Amino acid sequence: MINVLVADDELPAVEELAYLLGKDDRIGVIHRATSGAEALRALNTERIDAVFLDIHMPAVSGLDVARAITRSSKPPAVVFVTADEDCALEAFELAAVDYLLKPVRAERLSRSVGRISELLRDGAAAAPEMITVDQGGTTRMIRRDDVTYVQAQGDYARLHTADASYLIRVPLADLEQQWAEAGFIRTHRSYLVALKHVQSMKLAADKPSVSVAGAGLPISRRHLPMVREKLEATRIRPQA
């Protein structure tokens with residue numbers, strides 16, 4: 001069970017997030033704080049595995065709390081929960097596990113809890129690869145491991161995540177080379193998919209396809225042998 005601390009200077013926001021977390025079977029004790037100072041006190045007195053921090057709290061901000069956490073010998077996982085998109089880069093420089101935008105959706109929160117669970121199980125995690133994207137005149141930072149698949153659009157590529165899509169000025173062929181080691185494979189001249197997000201594949205049908213985050217994408221005959229090879233490499237076999 002994951003013991004968590006929810007810190008936000010607005011009590012209704014604390015209670016709403018605590019309610020959503022309480023519905024997750026992976027969550028244990030939920031501590032609450034309505035200021036950064038109160039959060040720091042809780043961290044010093046309670047056994048806390050993960051902290052969900054609002055950024056803009058008076059006096060001691062969520063970023064201040066995160067900086068203090070980085071000096072701990074056994075720091076809890078940090079997730080920022082905020083309405084501010086502009087602090088994402090600084091948040092991830094402080095080794096944040098995730099960055100949630102308000103209002104928080106239950107399914108998005110569940111993915112954060114999953115990341116915390118993996119971190120606690122594995123003991124450590126590499127800093128996530130961040131990508132700078134532009135959307136509606138706003139520059140945002142997103143995690144590469146949130147990208148489920150990439151779609152070619154001329155000299156551009158559209159990155160699809162569970163929440164949105166983002167157009168970047170990079171050809172799909174370039175991303176295919178750059179992201180191969182991160183588990184992305186080419187399935188079609190128009191698509192690059194993240195293996196970790198693949199839900200199912202139909203390889204024997206007249207029209208091979210792959211299901212990625214609910215989207216059905218074609219597999220071309222040209223790319224089918226490589227897709228089969230990648231899939232075969234992931235099979236679990238009995239020991240000889």
# chains A, B, ... in the order shown; residues from 1 in each chain; ligands from 1
>>> residues_around(residues="Ala77 of chain A", least_positions_apart="5", cutoff="7 Å", atoms="only C-alpha atoms", output="ChimeraX atom specification")
/A:49-51,97,116
>>> write_last_selection(atoms="all heavy atoms", output="PDB file, in the first residue's frame")
ATOM      1  N   ASP A  49       5.038   7.756   1.300  1.00  0.00           N
ATOM      2  CA  ASP A  49       5.688   7.206   0.108  1.00  0.00           C
ATOM      3  C   ASP A  49       5.601   8.143  -1.090  1.00  0.00           C
ATOM      4  O   ASP A  49       6.459   8.097  -1.969  1.00  0.00           O
ATOM      5  CB  ASP A  49       5.043   5.870  -0.271  1.00  0.00           C
ATOM      6  CG  ASP A  49       5.121   4.853   0.849  1.00  0.00           C
ATOM      7  OD1 ASP A  49       6.231   4.637   1.373  1.00  0.00           O
ATOM      8  OD2 ASP A  49       4.060   4.280   1.204  1.00  0.00           O
ATOM      9  N   ALA A  50       4.577   8.966  -1.121  1.00  0.00           N
ATOM     10  CA  ALA A  50       4.377   9.851  -2.271  1.00  0.00           C
ATOM     11  C   ALA A  50       3.663  11.114  -1.830  1.00  0.00           C
ATOM     12  O   ALA A  50       2.811  11.087  -0.931  1.00  0.00           O
ATOM     13  CB  ALA A  50       3.577   9.148  -3.372  1.00  0.00           C
ATOM     14  N   VAL A  51       4.001  12.221  -2.487  1.00  0.00           N
ATOM     15  CA  VAL A  51       3.414  13.523  -2.165  1.00  0.00           C
ATOM     16  C   VAL A  51       2.762  14.101  -3.418  1.00  0.00           C
ATOM     17  O   VAL A  51       3.386  14.148  -4.479  1.00  0.00           O
ATOM     18  CB  VAL A  51       4.490  14.502  -1.648  1.00  0.00           C
ATOM     19  CG1 VAL A  51       3.839  15.800  -1.195  1.00  0.00           C
ATOM     20  CG2 VAL A  51       5.293  13.891  -0.532  1.00  0.00           C
ATOM     21  N   VAL A  97       7.762  12.688 -10.421  1.00  0.00           N
ATOM     22  CA  VAL A  97       7.299  11.485 -11.112  1.00  0.00           C
ATOM     23  C   VAL A  97       6.247  11.846 -12.158  1.00  0.00           C
ATOM     24  O   VAL A  97       6.179  11.230 -13.222  1.00  0.00           O
ATOM     25  CB  VAL A  97       6.717  10.480 -10.089  1.00  0.00           C
ATOM     26  CG1 VAL A  97       6.073   9.291 -10.795  1.00  0.00           C
ATOM     27  CG2 VAL A  97       7.800  10.014  -9.138  1.00  0.00           C
ATOM     28  N   ILE A 116       4.090   5.651  -9.567  1.00  0.00           N
ATOM     29  CA  ILE A 116       4.631   5.621  -8.202  1.00  0.00           C
ATOM     30  C   ILE A 116       4.846   4.185  -7.763  1.00  0.00           C
ATOM     31  O   ILE A 116       5.882   3.848  -7.167  1.00  0.00           O
ATOM     32  CB  ILE A 116       3.671   6.348  -7.239  1.00  0.00           C
ATOM     33  CG1 ILE A 116       3.613   7.837  -7.564  1.00  0.00           C
ATOM     34  CG2 ILE A 116       4.103   6.137  -5.793  1.00  0.00           C
ATOM     35  CD1 ILE A 116       2.478   8.559  -6.887  1.00  0.00           C
TER      36      ILE A 116
END
>>> residues_around(residues="Val6 of chain A", least_positions_apart="3", cutoff="12 Å", atoms="only C-alpha atoms", output="ChimeraX atom specification")
/A:3,9-22,29-36,38-40,42-43,48-55,62,78-81
>>> closest_residue(among="A:Val212, A:Leu195, A:Met57, A:Val113", to="Thr234 of chain A", atoms="only C-alpha atoms")
A:Leu195
>>> closest_residue(among="A:Glu118, A:Asp134, A:Asp174, A:Asp98", to="Ile2 of chain A", atoms="only C-alpha atoms")
A:Glu118
>>> select_by_dssp(residues="segment 4-228 of chain A", states="strand (DSSP E)", output="ChimeraX atom specification")
/A:4-7,27-33,50-53,77-82,98-101,130-135,138-143,149-153,156-160,165-168,184-188,191-194,198-202,209-212,215-218
>>> closest_residue(among="A:Lys23, A:Leu120, A:Arg144, A:Ala68", to="Gln178 of chain A", atoms="only C-alpha atoms")
A:Arg144
>>> select_by_dssp(residues="segment 41-206 of chain A", states="helix (DSSP H, G or I)", output="ChimeraX atom specification")
/A:41-45,62-70,85-93,106-122,144-146,172-178,180-182,195-197
>>> residues_around(residues="segment 185-194 of chain A", least_positions_apart="6", cutoff="10 Å", atoms="only C-alpha atoms", output="NGL selection string")
:A and (144-154 or 157-160 or 172-173 or 175-177 or 179 or 208-213 or 217-227 or 230)
>>> atom_distance(atom1="atom CA of Tyr166 of chain A", atom2="atom CA of Val133 of chain A")
6.5 Å
